[in-house]
There are 2 protein chains.
Amino acid sequence: MNSEAPLLPDWLTHRAAVLPRHPAIVAGGEIVTYRELHGRALRLAGALAEMGAGPGRLVGLLAPNSLAFAETVHAAMQLGAILLPLNLRLTAEELAYQLRDAGAEVLLCTTETADAAAAAATRAGVREPVVLPVEGGAAIAPRETHAPDDVHSIIYTSGTTGSPKGAALTYGNYWASAAGSAFNIGVSPGDRWLACMPLFHVGGLSILLRSVIYGTTAVIHERFEEAAVNRALREDGVSLLSVVPTMLERMLVADDRPFPPSVRCVLVGGGPVSEELLRRAMERGLPVVQTYGLTEAASQVATLAPGDALAHLGSAGKPLVTTEMRVDSPPGEPGEILVRGATVSPGYWRDGRVEPQGGDGWLHTGDIGRLDGEGFLFVLDRRDDLIVSGGENVYPAEVEAALAGHPAVRAAAVVGIPDQRWGQVVAAAVVVEPGFDPGVLDGWLEVRLAPFKRPRRFVAVEELPMTANGKVQRRFVRELFPNG
Amino acid sequence: MNSEAPLLPDWLTHRAAVLPRHPAIVAGGEIVTYRELHGRALRLAGALAEMGAGPGRLVGLLAPNSLAFAETVHAAMQLGAILLPLNLRLTAEELAYQLRDAGAEVLLCTTETADAAAAAATRAGVREPVVLPVEGGAAIAPRETHAPDDVHSIIYTSGTTGSPKGAALTYGNYWASAAGSAFNIGVSPGDRWLACMPLFHVGGLSILLRSVIYGTTAVIHERFEEAAVNRALREDGVSLLSVVPTMLERMLVADDRPFPPSVRCVLVGGGPVSEELLRRAMERGLPVVQTYGLTEAASQVATLAPGDALAHLGSAGKPLVTTEMRVDSPPGEPGEILVRGATVSPGYWRDGRVEPQGGDGWLHTGDIGRLDGEGFLFVLDRRDDLIVSGGENVYPAEVEAALAGHPAVRAAAVVGIPDQRWGQVVAAAVVVEPGFDPGVLDGWLEVRLAPFKRPRRFVAVEELPMTANGKVQRRFVRELFPNG
């Protein structure tokens, strides 16, 4: 019997043995069974090993949503390597920062991302990227187990300081997250979960991992395209879907037909769903489960079930069974949202290892929330005025730091303003040298920040609105952009 | 963020907060919500604390399947006490052995079991049993978390030596078992799992724990009664059921009506299901999932899905995702079944603590099995000729030891023989003093062994069939009972 911490199985090796003919991945018109996916992952792992990848070493991946992405995730797992999924929208400079900071030795890409990967690799001093698919690898022996504390992947979040940090997520984190989700919205052996949001974010990556943990099917779309998503829900047996509110809106506008009852849950993250959108979704047969999550907790933390949605409009619901959540304030008052449990990252990656966080065992999310009398969470402000634009997190501090780097900028304050297509877009108030045209700042930022982080609007001001103790008052900055 | 092993939530405290109005237990015509069950458990925990029960101390429970049983399970969890569920069919002597061996300080019973509990308590030197329901306890504060390594319950199994041993099962074991089951047969928020087998066995107890982990409903029947089970499947929304093959047979014979599609899985343990029974069950709409499990692995280890059942008749299927399983033999050959993983008990209870098992990290089940070319498990012999009678395990060594205790018995060999109602019943071959009538042995065993362990047939022989190295050859003993 066990005397030490029990190991987790390698999920793909297990599923290939138990469900060899079950579809693992549906992508680009191709259906790949668990046995086939296992074979492909083992061959790719062999090729990666020949390139120097191995246990505990980092494999960077810059690739669009694709079968190749899923194969790489599993190849890294077979090797015991650590995955570094990279955001396609970042600039070469931003990518190079993550590659260097994390210490990636191998970088994989696809033909679509080969130029961007090459530019990033050059800047980072990493060897030339390898373009997927890789041919000719000799399959390695299947991996049987992983320690729950082993790091599975490093996912960068910008954090509150302006310099992105790599959150380390372990096998145990993803396992607990999968269980917490299943014991909330259920899991059925025939489930198909559609990933139309980026797989390089935790929300997408966790769909791949949940599916192999459950032995169900992940359906991968290269990008969100509302007509394709609607078709997948109606014709491809997709039962679960993760989106942000603007995507849900676009799905409902794209046509006016009902959705079949086989769609059993639409998880909507990235902010509350309006009553009007919620009612329209319900009328069309889409059971919307609103969710609050974050990278450092391996995705979902709390969810709001359809039955509670209208009575608790704007709430993100209650925590998963894997997650303790509290608000650091007197009951009913706003305070910082704290999270603890098996889904929570052990810490950020620093100098080739997880930097222990110390503290009180709770993850201090930086997000501000309030619990009502029944324990429903209302998220009032994402951490330090986080801006969510088209499902991407933008941290004002990072944009402000880039602006302040320009010699003619004395001070900058960045906020999110409403946008019909993206939910929010970035806007900046700047204090500049006399005679300087803020319009040229876009060119300055172009090589420094991904497009979704770059301000759509600039306004020059004499001085920024400040509190008595010198903090920018962002709500007054927002008023500088009255029409959104 | 976490720096130590993450805690598990107290599942009932969590569910009472998240699903307060959802039915937790349906029993005896009563529906108890999660909030109500939590309240009852906290009050009973208060009463138990006044009796001296507390963290890490053992609470014995001798009770039929009932709401009171479920409340006691949860009250012990709220206290952090360890549950010792006792088999209703045991004699006072057998019960007293377990109470003494485990070191129980408090014994709970119901009016139905009060006499048996009193007799056992007297023999064990334990204070007078407390009859449920207990009134007037002041509720304790809700428990928030448990360490995954904390012992949840001690369940006695007779083991191979003849003297029962208490397998310690942890919170982590039950959690992993619930996840393994869910990621195999699925879990739906509306599930209702019917427990008509004893809750004092791991198969029944794990239904209660799975249900609270999932936030679903456990339906409790006091005993297996085929008409009541059939009615529950048709009228009470029961979606899941655990039985042994003879129960399935009785359900199908009880009437000839089909079962509704809401019955999504019937787990059948305790031996393979015949092709004929399988086909009849399928025709009537019962999706039979055959399973191999054992107490030391918190119930299920492997299962055979309906779709594989006819092509792999007699197999117990493939392991759950939480469980590694191998057969200690060359491929395709019979050998001992070994099990490892998060569902496996850390060891047996001895002198107030878990006795570490050492060894190679694998649980040596003692059961003999074979894996076919596709990895399907065939269980060939339960450990040391285990006899399974009406869902109860009978270990020949224990019965042989009781027989050998009689002064006129020189030697005894015990086997299971087929029985239409019970699957198997016990039969004994004995070598006795000249002129002694084996018929009187039943009286000798009456106070020593539970009825299901006592031989239904005796045969006196000159000597037992032995191997060259002195082991009884049980297959020749079986031939002494030609008509079963």
# chains A, B, ... in the order shown; residues from 1 in each chain; ligands from 1
>>> residues_around(residues="region 209-212 of chain B", least_positions_apart="2", cutoff="8 Å", atoms="only C-alpha atoms", output="list of chain:residue names")
B:Trp11, B:Leu12, B:Arg15, B:Ala24, B:Tyr174, B:Trp175, B:Ala178, B:Trp193, B:Leu205, B:Ser206, B:Ile207, B:Tyr214, B:Gly215, B:Thr216, B:Thr217, B:Ala218
>>> residues_around(residues="Ser188 (chain A)", least_positions_apart="4", cutoff="10 Å", atoms="only C-alpha atoms", output="list in words")
Ala182, Arg192, Tyr214, Gly215, Thr216 and Ser239 of chain A; Ala182, Phe183, Asn184, Ile185, Gly186, Val187 and Ser188 of chain B
>>> interface_residues(of="chain A", to="chain B", cutoff="8 Å", atoms="only C-alpha atoms", output="ChimeraX atom specification")
/A:1-3,5-9,11,14-15,17-18,179,182-189,213-215,318-319,321-324,340-342,344-347,356-364,374-375
>>> select_by_dssp(residues="region 72-265 of chain B", states="strand (DSSP E or B)", output="PyMOL selection string")
chain B and resi 82-85+106-109+130-131+145-146+151-157+165-170+187+192-195+217-220+240-243+265
>>> residues_around(residues="region 435-439 of chain B", least_positions_apart="5", cutoff="7 Å", atoms="only C-alpha atoms", output="VMD selection string")
chain B and resid 408 458 460
>>> residues_around(residues="Pro306 (chain B)", least_positions_apart="6", cutoff="7 Å", atoms="only C-alpha atoms", output="number ranges by chain")
B: 287-289
>>> write_last_selection(atoms="N, CA and C atoms", output="tab-separated table (two decimals), in the first residue's frame")
chain	number	residue	atom	x	y	z
B	287	PRO	N	-28.33	-0.54	-18.37
B	287	PRO	CA	-26.93	-0.54	-18.84
B	287	PRO	C	-26.02	-1.06	-17.72
B	288	VAL	N	-25.60	-2.31	-17.85
B	288	VAL	CA	-24.84	-2.97	-16.79
B	288	VAL	C	-23.34	-2.68	-16.95
B	289	VAL	N	-22.75	-2.12	-15.92
B	289	VAL	CA	-21.30	-1.91	-15.87
B	289	VAL	C	-20.75	-2.86	-14.81
>>> residues_around(residues="Pro129 (chain A)", least_positions_apart="6", cutoff="7 Å", atoms="only C-alpha atoms", output="PyMOL selection string")
chain A and resi 106-109+117-118+121
>>> residues_around(residues="region 264-274 of chain B", least_positions_apart="2", cutoff="6 Å", atoms="only C-alpha atoms", output="NGL selection string")
:B and (239-244 or 262 or 276-277 or 287-291 or 314)
>>> atom_distance(atom1="CA of Ala102 (chain A)", atom2="CA of Gly366 (chain A)")
23.3 Å
>>> select_by_dssp(residues="region 216-460 of chain B", states="helix (DSSP H, G or I)", output="ChimeraX atom specification")
/B:226-235,245-254,275-283,295-297,306-309,383-385,396-404,438-446,451-453
>>> decode(residues="region 259-301 of chain B", atoms="C-alpha atoms", output="PDB file, in the first residue's frame")
ATOM      1  CA  PHE B 259     -36.733   0.409 -17.252  1.00  0.00           C
ATOM      2  CA  PRO B 260     -36.626   4.094 -18.260  1.00  0.00           C
ATOM      3  CA  PRO B 261     -33.582   5.713 -19.908  1.00  0.00           C
ATOM      4  CA  SER B 262     -33.095   7.810 -16.766  1.00  0.00           C
ATOM      5  CA  VAL B 263     -31.365   4.721 -15.340  1.00  0.00           C
ATOM      6  CA  ARG B 264     -27.972   5.429 -16.805  1.00  0.00           C
ATOM      7  CA  CYS B 265     -25.762   2.884 -15.074  1.00  0.00           C
ATOM      8  CA  VAL B 266     -26.136  -0.279 -12.982  1.00  0.00           C
ATOM      9  CA  LEU B 267     -22.811  -1.163 -11.354  1.00  0.00           C
ATOM     10  CA  VAL B 268     -22.581  -4.891 -10.732  1.00  0.00           C
ATOM     11  CA  GLY B 269     -19.821  -6.130  -8.459  1.00  0.00           C
ATOM     12  CA  GLY B 270     -18.968  -9.358  -6.699  1.00  0.00           C
ATOM     13  CA  GLY B 271     -18.262 -11.503  -9.749  1.00  0.00           C
ATOM     14  CA  PRO B 272     -18.985 -11.693 -13.464  1.00  0.00           C
ATOM     15  CA  VAL B 273     -22.443 -11.450 -14.960  1.00  0.00           C
ATOM     16  CA  SER B 274     -23.453 -14.343 -17.241  1.00  0.00           C
ATOM     17  CA  GLU B 275     -24.127 -13.627 -20.904  1.00  0.00           C
ATOM     18  CA  GLU B 276     -27.743 -14.644 -20.445  1.00  0.00           C
ATOM     19  CA  LEU B 277     -28.288 -12.264 -17.498  1.00  0.00           C
ATOM     20  CA  LEU B 278     -26.431  -9.486 -19.319  1.00  0.00           C
ATOM     21  CA  ARG B 279     -28.623  -9.828 -22.407  1.00  0.00           C
ATOM     22  CA  ARG B 280     -31.824  -9.847 -20.379  1.00  0.00           C
ATOM     23  CA  ALA B 281     -30.719  -6.733 -18.477  1.00  0.00           C
ATOM     24  CA  MET B 282     -29.838  -4.947 -21.717  1.00  0.00           C
ATOM     25  CA  GLU B 283     -33.160  -5.882 -23.302  1.00  0.00           C
ATOM     26  CA  ARG B 284     -34.959  -4.328 -20.369  1.00  0.00           C
ATOM     27  CA  GLY B 285     -32.989  -1.102 -20.626  1.00  0.00           C
ATOM     28  CA  LEU B 286     -30.475  -1.591 -17.814  1.00  0.00           C
ATOM     29  CA  PRO B 287     -26.927  -0.544 -18.843  1.00  0.00           C
ATOM     30  CA  VAL B 288     -24.837  -2.970 -16.789  1.00  0.00           C
ATOM     31  CA  VAL B 289     -21.301  -1.906 -15.866  1.00  0.00           C
ATOM     32  CA  GLN B 290     -19.417  -4.802 -14.294  1.00  0.00           C
ATOM     33  CA  THR B 291     -16.833  -3.896 -11.718  1.00  0.00           C
ATOM     34  CA  TYR B 292     -13.966  -5.335  -9.722  1.00  0.00           C
ATOM     35  CA  GLY B 293     -13.215  -3.631  -6.461  1.00  0.00           C
ATOM     36  CA  LEU B 294     -12.043  -4.174  -2.941  1.00  0.00           C
ATOM     37  CA  THR B 295     -12.195  -2.473   0.419  1.00  0.00           C
ATOM     38  CA  GLU B 296      -8.503  -1.601   0.411  1.00  0.00           C
ATOM     39  CA  ALA B 297      -8.990   0.410  -2.802  1.00  0.00           C
ATOM     40  CA  ALA B 298     -12.068   2.324  -1.574  1.00  0.00           C
ATOM     41  CA  SER B 299     -14.360   0.281  -3.891  1.00  0.00           C
ATOM     42  CA  GLN B 300     -14.052   0.278  -7.695  1.00  0.00           C
ATOM     43  CA  VAL B 301     -10.726  -0.614  -9.320  1.00  0.00           C
TER      44      VAL B 301
END
